[in-house]
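Structure below is query16.txt: compact mmCIF, C-alpha atoms and all ligand atoms.
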```txt
# COMPACT_ATOMS: atom_id res chain seq x y z
CA MET Z 1 118.89 127.44 124.59
CA ASN Z 2 115.98 128.14 122.29
CA ASP Z 3 114.82 125.08 120.37
CA ASN Z 4 112.18 126.85 118.29
CA ILE Z 5 112.90 126.51 114.60
CA LEU Z 6 110.32 129.10 113.65
CA VAL Z 7 108.96 132.04 115.61
CA ILE Z 8 106.45 134.42 114.10
CA ASP Z 9 105.79 137.53 116.04
CA ASN Z 10 102.85 139.87 115.56
CA LEU Z 11 102.84 139.37 111.81
CA THR Z 12 100.59 141.54 109.65
CA VAL Z 13 100.30 141.52 105.87
CA ASP Z 14 98.23 144.37 104.54
CA PHE Z 15 97.10 144.18 100.91
CA GLU Z 16 95.98 147.75 100.29
CA GLY Z 17 93.87 147.96 103.41
CA PHE Z 18 92.92 144.28 103.62
CA LYS Z 19 94.76 142.35 106.30
CA ALA Z 20 95.39 138.86 104.95
CA LEU Z 21 97.42 138.24 108.13
CA ASN Z 22 96.54 140.18 111.24
CA GLN Z 23 98.92 140.28 114.21
CA LEU Z 24 99.58 136.59 113.92
CA ASN Z 25 101.74 134.84 116.50
CA PHE Z 26 103.06 131.36 115.95
CA SER Z 27 105.96 129.19 116.98
CA MET Z 28 107.05 125.64 116.49
CA LYS Z 29 109.79 123.49 117.89
CA SER Z 30 112.55 121.92 115.90
CA GLY Z 31 111.51 118.45 114.74
CA GLU Z 32 107.79 119.17 114.98
CA LEU Z 33 105.16 118.18 112.43
CA ARG Z 34 102.51 120.90 112.47
CA VAL Z 35 99.31 120.95 110.48
CA ILE Z 36 97.61 124.23 109.64
CA ILE Z 37 93.96 124.26 108.76
CA GLY Z 38 91.42 127.01 108.25
CA PRO Z 39 88.58 128.00 105.96
CA ASN Z 40 89.22 129.49 102.54
CA GLY Z 41 90.65 132.97 102.77
CA ALA Z 42 91.97 132.41 106.31
CA GLY Z 43 95.47 133.41 105.21
CA LYS Z 44 97.16 130.01 104.96
CA THR Z 45 98.86 130.57 101.61
CA THR Z 46 99.89 134.09 102.58
CA PHE Z 47 101.40 132.63 105.75
CA LEU Z 48 103.64 130.36 103.65
CA ASP Z 49 104.37 133.22 101.23
CA VAL Z 50 105.76 135.32 104.08
CA ILE Z 51 107.90 132.52 105.48
CA THR Z 52 109.45 131.85 102.07
CA GLY Z 53 110.03 135.54 101.35
CA LYS Z 54 107.59 135.77 98.46
CA VAL Z 55 105.58 138.37 100.37
CA GLN Z 56 107.10 140.94 102.72
CA PRO Z 57 105.25 141.55 105.98
CA THR Z 58 103.79 144.98 106.71
CA GLU Z 59 104.55 144.53 110.38
CA GLY Z 60 106.04 141.88 112.64
CA SER Z 61 108.77 139.34 112.09
CA VAL Z 62 109.61 135.82 111.02
CA THR Z 63 112.56 134.26 112.79
CA PHE Z 64 114.01 131.04 111.44
CA ASN Z 65 116.69 129.25 113.47
CA GLY Z 66 117.27 132.48 115.34
CA LYS Z 67 117.66 134.58 112.19
CA ASN Z 68 115.25 137.37 111.29
CA LEU Z 69 114.17 136.84 107.68
CA ARG Z 70 113.17 140.43 106.98
CA ASN Z 71 114.52 141.67 103.64
CA ILE Z 72 116.14 138.37 102.78
CA SER Z 73 115.32 137.26 99.23
CA GLU Z 74 113.26 134.18 98.40
CA HIS Z 75 116.31 132.53 96.92
CA ASP Z 76 118.44 133.15 100.00
CA ILE Z 77 115.71 131.95 102.33
CA ALA Z 78 115.59 128.69 100.39
CA ARG Z 79 119.36 128.42 100.81
CA LEU Z 80 119.03 128.98 104.53
CA GLY Z 81 117.08 125.73 104.64
CA ILE Z 82 113.38 126.34 104.00
CA GLY Z 83 111.94 124.17 101.24
CA ARG Z 84 108.45 124.56 99.87
CA LYS Z 85 106.33 122.07 98.04
CA PHE Z 86 103.58 123.61 95.95
CA GLN Z 87 100.23 121.99 95.34
CA THR Z 88 100.87 120.89 91.78
CA PRO Z 89 103.93 118.71 91.18
CA ARG Z 90 106.89 120.49 89.57
CA ILE Z 91 108.94 117.64 88.22
CA TYR Z 92 110.60 117.05 84.87
CA VAL Z 93 108.17 114.65 83.22
CA ASN Z 94 110.62 113.71 80.46
CA LEU Z 95 113.18 112.46 82.96
CA THR Z 96 113.03 109.26 84.96
CA VAL Z 97 112.35 109.23 88.67
CA ARG Z 98 116.05 108.66 89.37
CA GLU Z 99 117.14 111.49 87.08
CA ASN Z 100 114.77 113.89 88.78
CA LEU Z 101 116.22 112.98 92.16
CA ASP Z 102 119.75 113.21 90.76
CA LEU Z 103 119.04 116.73 89.63
CA ALA Z 104 117.59 117.70 92.98
CA VAL Z 105 120.60 116.29 94.84
CA ASN Z 106 122.92 118.20 92.52
CA THR Z 107 121.03 121.47 92.14
CA ASN Z 108 124.17 123.50 91.84
CA LYS Z 109 125.62 121.41 89.08
CA ASN Z 110 125.03 121.63 85.40
CA PHE Z 111 122.07 119.73 83.99
CA VAL Z 112 123.86 118.02 81.08
CA SER Z 113 126.82 116.89 83.14
CA ILE Z 114 124.45 115.08 85.49
CA LEU Z 115 122.74 113.18 82.72
CA PHE Z 116 126.01 112.01 81.20
CA ARG Z 117 128.30 111.63 84.15
CA LYS Z 118 129.09 108.33 85.80
CA SER Z 119 127.46 108.65 89.18
CA SER Z 120 129.90 108.69 92.05
CA SER Z 121 128.96 106.25 94.75
CA PRO Z 122 128.13 108.61 97.64
CA GLU Z 123 125.60 110.41 95.47
CA LYS Z 124 124.23 107.14 94.27
CA ARG Z 125 123.63 106.17 97.85
CA THR Z 126 121.82 109.38 98.52
CA VAL Z 127 119.56 108.95 95.55
CA SER Z 128 118.83 105.31 96.33
CA GLY Z 129 118.13 106.27 99.93
CA LEU Z 130 115.64 108.82 98.66
CA LEU Z 131 114.07 106.30 96.32
CA GLU Z 132 113.52 104.04 99.27
CA THR Z 133 112.12 106.80 101.45
CA ILE Z 134 109.53 107.80 98.87
CA GLY Z 135 108.72 104.17 98.02
CA LEU Z 136 109.61 104.40 94.34
CA ILE Z 137 112.54 102.00 94.01
CA ALA Z 138 110.59 99.80 91.59
CA LYS Z 139 109.85 102.81 89.39
CA ALA Z 140 113.30 104.43 89.52
CA ASP Z 141 113.90 104.12 85.79
CA LEU Z 142 110.40 104.95 84.67
CA GLN Z 143 109.86 108.24 82.90
CA SER Z 144 108.06 110.43 85.44
CA GLU Z 145 105.15 111.28 83.20
CA TYR Z 146 103.92 107.71 83.67
CA LEU Z 147 103.69 108.04 87.46
CA SER Z 148 100.29 108.35 89.08
CA HIS Z 149 99.36 111.70 90.58
CA GLY Z 150 100.18 110.40 94.06
CA GLU Z 151 103.54 109.02 92.98
CA LYS Z 152 104.39 112.38 91.42
CA GLN Z 153 103.59 114.05 94.71
CA ARG Z 154 105.90 111.63 96.52
CA LEU Z 155 108.64 112.20 93.97
CA GLU Z 156 108.38 115.93 94.44
CA ILE Z 157 108.56 115.57 98.19
CA GLY Z 158 111.67 113.45 97.61
CA MET Z 159 113.20 116.17 95.45
CA LEU Z 160 112.58 118.69 98.17
CA VAL Z 161 114.15 116.44 100.80
CA ALA Z 162 117.15 115.94 98.49
CA GLN Z 163 118.09 119.53 99.17
CA SER Z 164 118.19 118.80 102.92
CA PRO Z 165 116.00 121.62 104.13
CA ASP Z 166 115.61 122.08 107.89
CA LEU Z 167 112.02 123.15 107.46
CA LEU Z 168 109.65 121.67 104.90
CA LEU Z 169 106.51 123.56 103.90
CA VAL Z 170 103.91 121.44 102.19
CA ASP Z 171 100.73 122.88 100.67
CA GLU Z 172 97.74 120.50 100.37
CA PRO Z 173 99.72 117.37 99.47
CA VAL Z 174 96.75 115.01 99.14
CA ALA Z 175 94.28 117.08 97.14
CA GLY Z 176 92.89 114.84 94.43
CA LEU Z 177 94.64 111.65 95.57
CA THR Z 178 93.08 108.21 96.03
CA ASP Z 179 92.65 106.89 99.57
CA GLU Z 180 95.61 104.59 99.15
CA GLU Z 181 97.91 107.32 97.89
CA THR Z 182 96.69 109.66 100.62
CA GLU Z 183 97.81 107.10 103.16
CA ASN Z 184 101.17 106.66 101.39
CA VAL Z 185 101.82 110.39 101.42
CA GLY Z 186 100.77 110.51 105.08
CA ASN Z 187 103.22 107.76 105.95
CA LEU Z 188 105.97 109.48 104.00
CA LEU Z 189 105.43 112.75 105.86
CA MET Z 190 105.39 110.96 109.20
CA ASN Z 191 108.66 109.25 108.28
CA LEU Z 192 110.22 112.53 107.28
CA ALA Z 193 108.99 114.12 110.48
CA GLU Z 194 111.45 111.95 112.38
CA SER Z 195 114.31 113.98 110.93
CA HIS Z 196 112.73 117.25 109.71
CA SER Z 197 110.52 120.05 110.89
CA ILE Z 198 107.43 120.14 108.72
CA ILE Z 199 104.44 122.44 108.24
CA VAL Z 200 101.57 120.95 106.28
CA ILE Z 201 98.58 122.94 105.10
CA GLU Z 202 95.63 120.69 104.57
CA HIS Z 203 91.88 120.57 103.97
CA ASP Z 204 91.37 116.84 104.12
CA MET Z 205 90.35 116.19 107.72
CA GLU Z 206 90.79 112.44 107.60
CA PHE Z 207 94.34 113.02 106.45
CA VAL Z 208 94.89 115.55 109.20
CA ARG Z 209 93.69 112.98 111.67
CA GLN Z 210 96.16 110.46 110.25
CA ILE Z 211 99.25 112.63 110.57
CA ALA Z 212 98.52 115.39 113.03
CA ARG Z 213 99.83 115.81 116.47
CA ASN Z 214 99.59 119.59 116.72
CA VAL Z 215 97.07 121.54 114.73
CA THR Z 216 96.84 125.30 114.30
CA VAL Z 217 93.58 126.79 113.07
CA LEU Z 218 93.83 130.06 111.17
CA HIS Z 219 90.88 132.38 110.77
CA GLN Z 220 90.82 135.90 109.33
CA GLY Z 221 94.58 136.12 109.38
CA SER Z 222 95.10 135.14 113.02
CA VAL Z 223 95.46 131.97 115.05
CA LEU Z 224 91.99 130.99 116.26
CA CYS Z 225 92.95 127.92 118.22
CA GLU Z 226 95.78 125.43 118.65
CA GLY Z 227 96.05 121.92 120.05
CA THR Z 228 95.55 118.26 119.25
CA MET Z 229 93.01 117.31 116.60
CA ASP Z 230 90.52 116.35 119.32
CA VAL Z 231 90.86 119.64 121.13
CA VAL Z 232 90.63 121.70 117.96
CA GLN Z 233 87.70 119.80 116.55
CA ASN Z 234 85.61 120.28 119.64
CA ASP Z 235 86.39 123.94 120.12
CA PRO Z 236 83.10 125.84 119.67
CA ARG Z 237 84.88 128.71 117.87
CA VAL Z 238 86.29 126.31 115.32
CA ILE Z 239 82.94 124.62 114.77
CA GLU Z 240 81.31 127.99 114.26
CA VAL Z 241 83.89 129.14 111.73
CA TYR Z 242 83.51 125.96 109.72
CA LEU Z 243 79.74 125.98 109.88
CA GLY Z 244 79.72 129.51 108.51
CA GLU Z 245 81.95 128.46 105.66
CA ALA Z 246 80.39 125.11 104.88
CA PRO Z 247 80.14 124.68 101.15
CA SER Z 248 76.85 123.15 100.11
CA MET Z 249 77.10 120.22 97.75
CA SER Z 250 77.50 120.74 94.05
CA GLU Z 251 75.09 119.28 91.48
CA GLU Z 252 77.79 116.82 90.46
CA GLN Z 253 78.28 115.60 94.01
CA ILE Z 254 74.55 115.21 94.53
CA ASN Z 255 74.37 113.14 91.35
CA ILE Z 256 77.05 110.77 92.65
CA ILE Z 257 75.28 110.46 95.99
CA ARG Z 258 72.05 109.56 94.21
CA ILE Z 259 73.73 106.84 92.18
CA ALA Z 260 75.19 105.45 95.39
CA ALA Z 261 71.69 105.44 96.86
CA SER Z 262 70.31 103.53 93.87
CA MET Z 263 72.99 100.88 94.34
CA ALA Z 264 72.27 100.59 98.03
CA TRP Z 265 68.53 100.29 97.33
CA ALA Z 266 69.05 97.62 94.64
CA ASP Z 267 67.71 94.83 96.83
CA ASN Z 268 65.24 97.07 98.66
CA ASN Z 269 67.39 96.72 101.72
CA PHE Z 270 69.62 99.63 102.57
CA ALA Z 271 71.98 97.91 105.00
CA PRO Z 272 73.86 99.82 107.74
CA GLU Z 273 77.20 98.66 106.27
CA GLN Z 274 76.22 100.24 102.99
CA LEU Z 275 75.38 103.53 104.64
CA GLU Z 276 78.72 103.38 106.41
CA VAL Z 277 80.58 102.88 103.09
CA ILE Z 278 78.78 105.81 101.50
CA LEU Z 279 79.26 108.19 104.39
CA SER Z 280 82.91 107.36 104.89
CA ASN Z 281 83.70 107.63 101.18
CA LEU Z 282 81.78 110.78 100.56
CA SER Z 283 82.73 112.66 103.67
CA ARG Z 284 86.15 113.16 102.04
CA GLU Z 285 84.41 115.05 99.28
CA PHE Z 286 83.28 117.59 101.82
CA SER Z 287 86.44 117.79 103.83
CA ASP Z 288 85.88 121.35 104.92
CA SER Z 289 82.53 120.48 106.36
CA LEU Z 290 83.65 117.42 108.27
CA MET Z 291 83.70 119.62 111.31
CA HIS Z 292 79.94 119.38 111.32
CA GLN Z 293 79.70 115.76 110.42
CA MET Z 294 76.29 115.27 112.01
CA ASP Z 295 74.65 117.92 109.82
CA LEU Z 296 76.42 116.53 106.81
CA GLN Z 297 75.25 113.01 107.46
CA GLN Z 298 71.68 114.22 107.83
CA GLU Z 299 71.98 116.09 104.54
CA LEU Z 300 73.39 113.01 102.82
CA LYS Z 301 70.64 110.84 104.23
CA ASN Z 302 68.04 113.14 102.69
CA TYR Z 303 69.53 112.44 99.28
CA LEU Z 304 69.93 108.76 100.01
CA ALA Z 305 66.24 108.39 100.79
CA LYS Z 306 65.32 108.54 97.10
CA ASN Z 307 65.77 105.77 94.57
CA ILE Z 308 66.07 107.43 91.15
CA PRO Z 309 66.64 105.23 88.04
CA LEU Z 310 70.28 104.89 87.02
CA GLU Z 311 69.35 105.66 83.42
CA GLU Z 312 68.58 109.20 84.53
CA LEU Z 313 71.60 109.68 86.76
CA VAL Z 314 74.57 108.07 85.02
CA PRO Z 315 74.42 110.16 81.81
CA GLN Z 316 74.87 113.26 83.97
CA LEU Z 317 78.35 112.20 85.06
CA LYS Z 318 80.78 114.74 83.67
CA ASN Z 319 83.95 112.77 82.93
CA ILE Z 320 85.78 109.49 83.25
CA GLU Z 321 87.06 110.36 86.73
CA GLN Z 322 83.50 110.71 87.98
CA ARG Z 323 82.49 107.48 86.27
CA GLU Z 324 85.41 105.67 87.85
CA LYS Z 325 84.54 107.12 91.24
CA VAL Z 326 80.98 105.86 90.85
CA LEU Z 327 82.22 102.40 89.88
CA ARG Z 328 84.48 102.22 92.91
CA LEU Z 329 81.85 103.46 95.31
CA SER Z 330 79.10 101.25 93.87
CA TYR Z 331 81.12 98.08 93.95
CA GLU Z 332 82.11 98.76 97.51
CA ILE Z 333 78.49 99.40 98.45
CA ILE Z 334 77.33 96.00 97.25
CA ARG Z 335 80.49 94.28 98.47
CA SER Z 336 80.15 95.66 102.00
CA ASN Z 337 77.59 93.00 102.84
CA GLU Z 338 76.84 89.75 101.01
CA ILE Z 339 76.25 90.38 97.26
CA ASN Z 340 72.86 89.03 96.15
CA GLU Z 341 71.08 88.40 92.81
CA GLN Z 342 69.20 91.71 92.69
CA GLU Z 343 72.33 93.68 93.39
CA ILE Z 344 74.17 91.90 90.60
CA VAL Z 345 71.43 92.82 88.14
CA VAL Z 346 71.56 96.49 89.08
CA TYR Z 347 75.36 96.46 89.10
CA GLN Z 348 75.43 94.98 85.57
CA ARG Z 349 73.10 97.71 84.38
CA LEU Z 350 75.35 100.30 85.99
CA LEU Z 351 78.41 98.85 84.21
CA GLU Z 352 76.63 99.08 80.86
CA LEU Z 353 75.70 102.69 81.48
CA LEU Z 354 79.16 103.62 82.74
CA ASP Z 355 80.80 102.15 79.65
CA LEU Z 356 84.27 101.90 81.23
CA PRO Z 357 87.17 99.73 79.94
CA THR Z 358 86.92 96.12 81.14
CA GLU Z 359 90.46 96.27 82.48
CA LEU Z 360 89.67 99.23 84.68
CA ILE Z 361 86.58 97.49 86.03
CA LYS Z 362 88.61 94.38 86.87
CA GLU Z 363 91.28 96.46 88.54
CA VAL Z 364 88.80 98.33 90.73
CA GLU Z 365 86.91 95.17 91.70
CA THR Z 366 90.13 93.36 92.58
CA GLU Z 367 91.28 96.27 94.70
CA ILE Z 368 88.05 96.36 96.68
CA GLU Z 369 87.94 92.57 97.02
CA ALA Z 370 91.44 92.67 98.46
CA LYS Z 371 90.36 95.28 100.99
CA TYR Z 372 87.46 93.15 102.19
CA ASP Z 373 89.41 89.88 102.14
CA LYS Z 374 92.03 91.50 104.31
CA ARG Z 375 89.36 92.53 106.80
CA ILE Z 376 87.92 89.05 106.99
CA ASN Z 377 91.34 87.50 107.53
CA ASN Z 378 92.25 89.93 110.27
P1 LIG E 401 93.92 130.74 102.20
O1 LIG E 401 95.15 130.17 101.60
O2 LIG E 401 93.76 130.44 103.65
O3 LIG E 401 92.69 130.38 101.44
P2 LIG E 401 95.05 133.27 101.33
O4 LIG E 401 96.28 133.45 102.12
O5 LIG E 401 95.20 132.80 99.95
O6 LIG E 401 94.02 132.34 102.13
O7 LIG E 401 94.25 134.65 101.28
C1 LIG E 401 93.84 135.35 102.43
C2 LIG E 401 93.07 136.58 102.00
O8 LIG E 401 93.94 137.52 101.42
C3 LIG E 401 92.01 136.29 100.98
O9 LIG E 401 90.86 137.04 101.28
C4 LIG E 401 92.62 136.75 99.69
O10 LIG E 401 91.63 137.20 98.79
C5 LIG E 401 93.52 137.88 100.14
N1 LIG E 401 94.70 138.03 99.29
C6 LIG E 401 95.65 137.08 99.08
N2 LIG E 401 96.62 137.55 98.26
C7 LIG E 401 96.28 138.84 97.96
C8 LIG E 401 96.88 139.88 97.16
N3 LIG E 401 98.04 139.70 96.53
N4 LIG E 401 96.22 141.05 97.09
C9 LIG E 401 95.06 141.25 97.74
N5 LIG E 401 94.44 140.32 98.51
C10 LIG E 401 95.04 139.13 98.61
MG MG E 402 95.39 128.90 99.90
```
Step by step, read the file and then write its structure as structure tokens.
Amino acid sequence: MNDNILVIDNLTVDFEGFKALNQLNFSMKSGELRVIIGPNGAGKTTFLDVITGKVQPTEGSVTFNGKNLRNISEHDIARLGIGRKFQTPRIYVNLTVRENLDLAVNTNKNFVSILFRKSSSPEKRTVSGLLETIGLIAKADLQSEYLSHGEKQRLEIGMLVAQSPDLLLVDEPVAGLTDEETENVGNLLMNLAESHSIIVIEHDMEFVRQIARNVTVLHQGSVLCEGTMDVVQNDPRVIEVYLGEAPSMSEEQINIIRIAASMAWADNNFAPEQLEVILSNLSREFSDSLMHQMDLQQELKNYLAKNIPLEELVPQLKNIEQREKVLRLSYEIIRSNEINEQEIVVYQRLLELLDLPTELIKEVETEIEAKYDKRINN
């Protein structure tokens, strides 16, 4: 018996002479969680587009549960049991979390009848099971527009699961999420992997490390390398591909790094713990380049060597997200070793310049305190 859920054989997609996929071969077993990585333009999105029937291959075949998907429509492929989660959440923001899940469970039924019917108990169970799986029981009756970005992602994954697909395709689920939400989504996917086959496309290497067992690296439309994260990461071909593609830092990122440096220099003592906080927080910003972490750290250290006045740096922050990020990072930098007088002075000046709501500041400080308290108690 063949226990492969997906077999892709010699697949080529030719866009008017340009091969987005080039004789690609791939297979995965039923029940597997597979992560696909690769530099921009490697063909990852096209790969998903072919599996879901959005793009027809020029050559080669996709076989799902033993069935060749050639010439089957997108709609019918979805009905065969392939569900796709796009990068941006597609939920009904005017409905509650529960109503969204209700709709997903009852896709074939009429919208109005779902909102006004008395829920029958088996369906109720399904929806409450889903609520539990995605960790949103407490927010079941909240209108979805008030969910955080990460909670919306989890809700959408729940809606996908509601349709009981055999194979889940998930495109960059943690882009733009906080560390905590990234971990939540990771845990959710690992839970789901116990009963589903899942393909995740992802850039965030720390996240890949959290969830990945098998990783496939795409490059120029073909599979470059496959294996565990450790194997893949140390493969010279993979390192070369990522080095070639490494994005240099943007002005905005450099500005944030410089503010972090000013915080760390506040007491004229740049402690190793502080460097650690900065490197681990910022490496996420450069997820594609994590493959050459050593170079990256050297580059960061060059920026960290300077102590530029905050008055020059903070006004260059573009928006409230960046200001919040700076607050979070800065507080963690001074919190990572004993906070002293000089650091408090510089931190107060930073708060004035950032001009963020007091509530937000409290929230961020409490969150970071909790993280460090937990470490001390463990
Ligand atoms: P990734 O998701 O890995 O970044 P894509 O699958 O989006 O890569 O794209 C692979 C390559 O194919 C890119 O060079 C892209 O410009 C090209 N491409 C994607 N879609 C089309 C299209 N419809 N027509 C022409 N070229 C395309
Ligand atoms: Mg893409």
Got a sec to check which residues lie within 12 Å of ligand MG 402 (chain E), using all atoms listed in the file, and send them as a CSV table (one decimal) with C-alpha atoms, keeping the file's coordinate frame?
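The resulting file, pocket.csv, is reproduced below:
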```
chain,number,residue,atom,x,y,z
Z,20,ALA,CA,95.4,138.9,105.0
Z,36,ILE,CA,97.6,124.2,109.6
Z,37,ILE,CA,94.0,124.3,108.8
Z,38,GLY,CA,91.4,127.0,108.2
Z,39,PRO,CA,88.6,128.0,106.0
Z,40,ASN,CA,89.2,129.5,102.5
Z,41,GLY,CA,90.6,133.0,102.8
Z,42,ALA,CA,92.0,132.4,106.3
Z,43,GLY,CA,95.5,133.4,105.2
Z,44,LYS,CA,97.2,130.0,105.0
Z,45,THR,CA,98.9,130.6,101.6
Z,46,THR,CA,99.9,134.1,102.6
Z,47,PHE,CA,101.4,132.6,105.8
Z,48,LEU,CA,103.6,130.4,103.6
Z,49,ASP,CA,104.4,133.2,101.2
Z,86,PHE,CA,103.6,123.6,96.0
Z,87,GLN,CA,100.2,122.0,95.3
Z,170,VAL,CA,103.9,121.4,102.2
Z,171,ASP,CA,100.7,122.9,100.7
Z,172,GLU,CA,97.7,120.5,100.4
Z,200,VAL,CA,101.6,121.0,106.3
Z,201,ILE,CA,98.6,122.9,105.1
Z,202,GLU,CA,95.6,120.7,104.6
Z,203,HIS,CA,91.9,120.6,104.0
Z,218,LEU,CA,93.8,130.1,111.2
Z,221,GLY,CA,94.6,136.1,109.4
```
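Taking atom O1 of ligand LIG 401 (chain E) and atom CA of Z:Thr12 as the two end points, the separation is 15.0 Å.
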Original post:
Which residues, written as a list in words, have at least one atom at most 8 Å from stretch 366-370 of chain Z, with only C-alpha atoms counted and residues fewer than 3 positions away on the same chain left out?
Top reply: Arg328, Tyr331, Glu332, Arg335, Lys362, Glu363, Asp373 and Lys374 of chain Z
Original post:
Which is closer to Z:Val35 than all the others in Z:Ser197, Z:Gln342, Z:Gln253, Z:Asn106, using all atoms listed in the file?
Top reply: Z:Ser197
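Counting only C-alpha atoms and all ligand atoms, the residue from Z:Glu240, Z:Glu365, Z:Asp166, Z:Glu16 that sits nearest to ligand LIG 401 (chain E) is Z:Glu16.
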